[in-house]
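Everything below concerns the one structure shown next.
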There are 2 protein chains.
Amino acid sequence: MHILVLGAAGMVGRKLVDRLVSDGRLGKDDITKMTLHDVVAAKQPERAGFPVEVMAGDFALPGVPEKLISGRPDVIFHLAAIVSGEAELDFEKGYRINLDGTRMLFDAIRLAGGGYKPRLVFTSSIAVFGAPFPDAIGDEFFNTPLLSYGTQKAIGELLLADYTRRGFMDGVGIRLPTICIRPGLPNKAASGFFSGILREPLAGQEAILPVSEDVRHWHASPRSAVGFLIHAATMDTAKIGPRRNLTMPGISATVGEQIAALKRVAGEKVASRIKRQPDPFIVGIVAGWPRNFDPKRALELGFTTAEKSFDDIIRIHIEDELGGKFAA
Amino acid sequence: MHILVLGAAGMVGRKLVDRLVSDGRLGKDDITKMTLHDVVAAKQPERAGFPVEVMAGDFALPGVPEKLISGRPDVIFHLAAIVSGEAELDFEKGYRINLDGTRMLFDAIRLAGGGYKPRLVFTSSIAVFGAPFPDAIGDEFFNTPLLSYGTQKAIGELLLADYTRRGFMDGVGIRLPTICIRPGLPNKAASGFFSGILREPLAGQEAILPVSEDVRHWHASPRSAVGFLIHAATMDTAKIGPRRNLTMPGISATVGEQIAALKRVAGEKVASRIKRQPDPFIVGIVAGWPRNFDPKRALELGFTTAEKSFDDIIRIHIEDELGGKFAA
């Protein structure tokens, strides 16, 4: 089985590649080749039991999608995207990569000929939804994004469903929750604090909480995200029907519940490294974000989280990122 | 006020132009110029109290949208589209006109500069919805089209909302019900019988009913469609908020109720010209279509139908198309 990963150098892409290299297989099939693409070169995996080709560049240029699929990958993970903040600041770049690039990839598959019909897993986002929301967003709630990024992801979902319905590919779109705890350095994303208020204290550093503790949001661990991708790539898609885009399960938690979990897992002293410093700009942005979902279809179709509680999300970070230890 | 109509030679476009020429104004403003575009030249209106420029050609070619908006129309009615059957048969043509053409138009507006921000009224369709449906589709039901046409219209809606949110234009998307009674000759659209079983008998001719009488669908008269367009062009859009695409009101009726209305308005003899001849192909297509809506937001925002009942839909056809007389 040949696997192509677009966006392979991103956080989720790296974790997916690590898992695939470690497993050596995807579902029942041995991996025989992997192609990794991103705008910057992904790290060449060590100890892969199969050849891994690493390609770097802009995938939304004429001819590039055709080249990427020229080896007829059986499974394509399309994780490549301009993230929300940048897509909002640079209108044309966001549309060029997130809409045109996605469509160019889908069209390259459509026009490949010879009965080529790969499984394509597309990472969409809960940004396809826009406030006001019901208490828990159900599977039939409409997409009214309030950012260009969410608009572009919603369009990608529509294209995926139509190209799949027409028989050009076997697509599954998965709307990832906010990934928590996001490893690495703090970034400037408005959502960054959801991870930062846990990651930095666990590393012995202070973190700023810019919103009130009653802010509720929808989270899943990086380990869950990889599990969703693997399941989407291996599941029996005949069971999905024409509604090919699914909200992934997650944990709905308030910031207060996040902090209580941190206290339970790591102690009061760690939690005391969180400094409250309200930021009206971030408060305003976060007010429009989804708080909770009822992802019935994804659960019925076998998508599961690696965590049962927010405590587990913290434990997974300590296990997967900190080697089991934190700064008590 | 300068008005541009794209798709001006189509059935709804022609009726809109007739109404605008007859009114001489749109809302509070006198019309000073009108530009009509379609792939075939629209008829030059007689007795227009203002200059009317008629342009013909493909609007989705480089440079054409820029040319169309070069006169800085204050209001743009974007009715141009490849219809559902053709968009399903010719995948590339449907996407090129319905998606690329729409986006090229929106981008031409975005890049026009000088603070240009026209009101843009986009005709979407109830084809953005896909079965299974609730009894009445509410304003928060999701878009899961089952045709490429519906996919392209749903993408147009998302673009319209995002381009409006970004301040590039003042867009309103309206999802028209199936227009009934559609004047003119029978066409091969799967929905054609909804009009045909009324129009042909009123003209003294037989009509084929290919589905059972319990099939329910969502209808509005051509007069209502023009009313929706005018209201969308003149309403206070500050009241809409970010959810810029609205399901228009209509009349939900079964085929049996349509026939009962025909009997009440035109008599048993006219209704006896309907011949039952089930067509499994059409039965299958129609099974996936919306039956009924709860268009609360559109009603709150002042959109109203010209008809209060299906009887009115038939009367409007007799008044507007048959000069008050039918073949009894």
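Following the order of the structure tokens, first chain is A, next is B, and so on, with residues numbered from 1 inside each chain and ligands from 1 in the order they appear.
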Open item on the list: Using only C-alpha atoms, which protein or nucleic acid residues come within 8 Å of Gly101 (chain B)? Drop anything in the same chain fewer than 6 positions from it, and give the result as an MDAnalysis selection string.
Closed with: chainID B and resid 59:61
Dump of C-alpha atoms for the selected residues, as a PDB file, in the first residue's frame:
ATOM      1  CA  PHE B  59     -19.434  35.393 -18.495  1.00  0.00           C
ATOM      2  CA  ALA B  60     -16.908  32.953 -17.009  1.00  0.00           C
ATOM      3  CA  LEU B  61     -14.031  33.910 -19.307  1.00  0.00           C
TER       4      LEU B  61
END
Kindly assemble as CSV a list of the chain B residues that lie within 10 Å of chain A, each paired with its nearest atom pair and their distance in Å to one decimal, using only C-alpha atoms, sorted first by chain and then by ascending residue number.
residue,atom,partner,partner_atom,distance
B:Glu88,CA,A:Arg166,CA,9.2
B:Phe91,CA,A:Arg166,CA,9.2
B:Gly130,CA,A:Pro242,CA,9.1
B:Ala131,CA,A:Pro242,CA,9.5
B:Phe133,CA,A:Glu140,CA,9.8
B:Asp139,CA,A:Phe142,CA,8.4
B:Glu140,CA,A:Phe142,CA,5.3
B:Phe141,CA,A:Phe142,CA,5.2
B:Phe142,CA,A:Phe142,CA,3.7
B:Asn143,CA,A:Phe142,CA,6.5
B:Thr144,CA,A:Arg243,CA,6.6
B:Pro145,CA,A:Asp162,CA,8.0
B:Leu146,CA,A:Asp162,CA,7.5
B:Leu147,CA,A:Asp162,CA,7.2
B:Ser148,CA,A:Asp162,CA,6.2
B:Tyr149,CA,A:Asp162,CA,9.7
B:Gly150,CA,A:Asp162,CA,9.4
B:Thr151,CA,A:Leu158,CA,6.1
B:Gln152,CA,A:Leu158,CA,8.5
B:Ala154,CA,A:Leu158,CA,7.8
B:Ile155,CA,A:Ile155,CA,5.8
B:Gly156,CA,A:Ile155,CA,9.2
B:Glu157,CA,A:Thr144,CA,9.6
B:Leu158,CA,A:Thr151,CA,6.1
B:Leu159,CA,A:Thr151,CA,7.2
B:Ala161,CA,A:Thr144,CA,8.2
B:Asp162,CA,A:Ser148,CA,6.2
B:Tyr163,CA,A:Ser148,CA,8.7
B:Arg165,CA,A:Leu146,CA,7.8
B:Arg166,CA,A:Ser148,CA,8.6
B:Pro242,CA,A:Leu146,CA,7.6
B:Arg243,CA,A:Thr144,CA,6.6
B:Arg244,CA,A:Thr144,CA,9.1
B:Asn245,CA,A:Thr144,CA,9.5
Using C-alpha atoms, can you export the residues from the last selection as an mmCIF file, in the first residue's frame?
data_model
loop_
_atom_site.group_PDB
_atom_site.id
_atom_site.type_symbol
_atom_site.label_atom_id
_atom_site.label_comp_id
_atom_site.auth_asym_id
_atom_site.auth_seq_id
_atom_site.Cartn_x
_atom_site.Cartn_y
_atom_site.Cartn_z
ATOM 1 C CA GLU B 88 -24.893 16.663 -13.835
ATOM 2 C CA PHE B 91 -19.261 18.012 -14.874
ATOM 3 C CA GLY B 130 -30.249 16.530 0.217
ATOM 4 C CA ALA B 131 -32.455 13.759 1.593
ATOM 5 C CA PHE B 133 -35.155 15.512 5.378
ATOM 6 C CA ASP B 139 -33.246 27.582 8.635
ATOM 7 C CA GLU B 140 -30.455 25.732 10.455
ATOM 8 C CA PHE B 141 -30.612 22.487 8.456
ATOM 9 C CA PHE B 142 -27.327 21.601 6.808
ATOM 10 C CA ASN B 143 -26.460 21.657 3.123
ATOM 11 C CA THR B 144 -25.732 18.178 1.791
ATOM 12 C CA PRO B 145 -26.532 18.458 -1.907
ATOM 13 C CA LEU B 146 -26.992 15.285 -3.923
ATOM 14 C CA LEU B 147 -26.233 16.890 -7.289
ATOM 15 C CA SER B 148 -23.234 18.813 -8.625
ATOM 16 C CA TYR B 149 -25.595 21.738 -9.289
ATOM 17 C CA GLY B 150 -26.593 21.875 -5.624
ATOM 18 C CA THR B 151 -22.937 21.577 -4.614
ATOM 19 C CA GLN B 152 -22.030 24.530 -6.836
ATOM 20 C CA ALA B 154 -23.911 25.757 -1.867
ATOM 21 C CA ILE B 155 -20.344 26.872 -2.633
ATOM 22 C CA GLY B 156 -21.689 30.090 -4.159
ATOM 23 C CA GLU B 157 -23.587 30.697 -0.913
ATOM 24 C CA LEU B 158 -20.437 30.204 1.178
ATOM 25 C CA LEU B 159 -18.437 32.557 -1.038
ATOM 26 C CA ALA B 161 -21.279 35.067 2.853
ATOM 27 C CA ASP B 162 -17.494 35.302 3.175
ATOM 28 C CA TYR B 163 -17.049 38.052 0.563
ATOM 29 C CA ARG B 165 -18.327 39.452 5.747
ATOM 30 C CA ARG B 166 -14.996 40.725 4.430
ATOM 31 C CA PRO B 242 -23.733 37.050 8.830
ATOM 32 C CA ARG B 243 -26.090 34.284 7.647
ATOM 33 C CA ARG B 244 -26.663 35.803 4.256
ATOM 34 C CA ASN B 245 -28.389 32.928 2.487
#
Task: Interatomic distance, CA of Pro201 (chain A) to CA of Ser272 (chain A) (Å, one decimal) - done: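 Interatomic distance, CA of Pro201 (chain A) to CA of Ser272 (chain A): 8.0 Å.
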Task: Atom-to-atom span, CA of Ala232 (chain A) and CA of Lys153 (chain B), Å - done: 27.4 Å
- [ ] Find the distance between CA of Ala8 (chain B) and CA of Arg315 (chain B) and write it in Å to one decimal.
- [x]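 We find that CA of Ala8 (chain B) and CA of Arg315 (chain B) lie 25.3 Å from each other.
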- [ ] Determine which residues of region 51-262 of chain A DSSP labels as strand (DSSP E or B) from the backbone of this structure, then write them out as a PyMOL selection string.
- [x] chain A and resi 52-56+75-78+119-125+137+141+170-176+178-179+207-209+216-220+245-247+251-254
Residue selection dump (C-alpha atoms) as a PDB file, in the first residue's frame:
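Generated file (out.pdb):
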ATOM      1  CA  VAL A  52       9.742   7.219   1.996  1.00  0.00           C
ATOM      2  CA  GLU A  53       9.945  10.005  -0.550  1.00  0.00           C
ATOM      3  CA  VAL A  54      10.019  13.517   0.894  1.00  0.00           C
ATOM      4  CA  MET A  55       8.912  16.356  -1.366  1.00  0.00           C
ATOM      5  CA  ALA A  56       8.786  20.065  -0.533  1.00  0.00           C
ATOM      6  CA  VAL A  75      -4.581   6.407   0.417  1.00  0.00           C
ATOM      7  CA  ILE A  76      -4.152  10.172   0.459  1.00  0.00           C
ATOM      8  CA  PHE A  77      -4.182  12.156   3.700  1.00  0.00           C
ATOM      9  CA  HIS A  78      -4.870  15.767   2.741  1.00  0.00           C
ATOM     10  CA  ARG A 119      -9.321   6.740  -0.376  1.00  0.00           C
ATOM     11  CA  LEU A 120      -8.899  10.424   0.434  1.00  0.00           C
ATOM     12  CA  VAL A 121      -9.003  11.638   4.040  1.00  0.00           C
ATOM     13  CA  PHE A 122      -9.480  15.390   4.348  1.00  0.00           C
ATOM     14  CA  THR A 123      -9.033  17.252   7.610  1.00  0.00           C
ATOM     15  CA  SER A 124     -11.802  19.762   7.911  1.00  0.00           C
ATOM     16  CA  SER A 125     -12.432  21.828  11.010  1.00  0.00           C
ATOM     17  CA  ILE A 137     -24.089  21.031  17.745  1.00  0.00           C
ATOM     18  CA  PHE A 141     -26.485  21.700  11.970  1.00  0.00           C
ATOM     19  CA  ASP A 170     -13.553   7.585  -1.942  1.00  0.00           C
ATOM     20  CA  GLY A 171     -13.476  10.608   0.323  1.00  0.00           C
ATOM     21  CA  VAL A 172     -13.968  11.044   4.055  1.00  0.00           C
ATOM     22  CA  GLY A 173     -13.884  14.503   5.622  1.00  0.00           C
ATOM     23  CA  ILE A 174     -13.228  14.733   9.337  1.00  0.00           C
ATOM     24  CA  ARG A 175     -13.778  17.871  11.392  1.00  0.00           C
ATOM     25  CA  LEU A 176     -11.088  17.822  14.015  1.00  0.00           C
ATOM     26  CA  THR A 178      -9.150  21.775  18.754  1.00  0.00           C
ATOM     27  CA  ILE A 179      -6.078  19.660  19.399  1.00  0.00           C
ATOM     28  CA  ALA A 207       1.150  30.702  31.235  1.00  0.00           C
ATOM     29  CA  ILE A 208      -1.371  33.450  30.576  1.00  0.00           C
ATOM     30  CA  LEU A 209      -5.101  32.704  30.662  1.00  0.00           C
ATOM     31  CA  ARG A 216     -16.308  26.045  27.061  1.00  0.00           C
ATOM     32  CA  HIS A 217     -14.631  24.408  24.058  1.00  0.00           C
ATOM     33  CA  TRP A 218     -14.244  21.094  22.198  1.00  0.00           C
ATOM     34  CA  HIS A 219     -10.943  19.224  22.523  1.00  0.00           C
ATOM     35  CA  ALA A 220      -9.159  16.060  21.468  1.00  0.00           C
ATOM     36  CA  ASN A 245     -18.108  14.833   6.285  1.00  0.00           C
ATOM     37  CA  LEU A 246     -18.211  14.031   9.956  1.00  0.00           C
ATOM     38  CA  THR A 247     -17.732  15.941  13.183  1.00  0.00           C
ATOM     39  CA  ILE A 251     -14.218  16.314  25.131  1.00  0.00           C
ATOM     40  CA  SER A 252     -16.259  19.412  25.912  1.00  0.00           C
ATOM     41  CA  ALA A 253     -14.687  21.222  28.819  1.00  0.00           C
ATOM     42  CA  THR A 254     -14.666  24.670  30.344  1.00  0.00           C
TER      43      THR A 254
END
Any chance you could tabulate, as a Markdown table, the residues of region 188-280 of chain B at most 12 Å from region 12-29 of chain B with each one's nearest atom pair and distance in Å to one decimal, using only C-alpha atoms, in chain and rising number order?
| residue | atom | partner | partner_atom | distance |
| --- | --- | --- | --- | --- |
| B:Ala220 | CA | B:Val12 | CA | 11.9 |
| B:Ser221 | CA | B:Val12 | CA | 10.3 |
| B:Pro222 | CA | B:Val12 | CA | 6.8 |
| B:Arg223 | CA | B:Lys15 | CA | 7.9 |
| B:Ser224 | CA | B:Val12 | CA | 10.2 |
| B:Ala225 | CA | B:Val12 | CA | 7.2 |
| B:Val226 | CA | B:Leu16 | CA | 5.4 |
| B:Gly227 | CA | B:Leu16 | CA | 8.6 |
| B:Phe228 | CA | B:Leu16 | CA | 10.1 |
| B:Leu229 | CA | B:Leu16 | CA | 7.8 |
| B:Ile230 | CA | B:Leu26 | CA | 7.3 |
| B:His231 | CA | B:Gly27 | CA | 8.4 |
| B:Ala232 | CA | B:Gly27 | CA | 10.5 |
| B:Ala233 | CA | B:Leu26 | CA | 8.0 |
| B:Thr234 | CA | B:Gly27 | CA | 5.7 |
| B:Met235 | CA | B:Gly27 | CA | 8.6 |
| B:Asp236 | CA | B:Gly27 | CA | 11.1 |
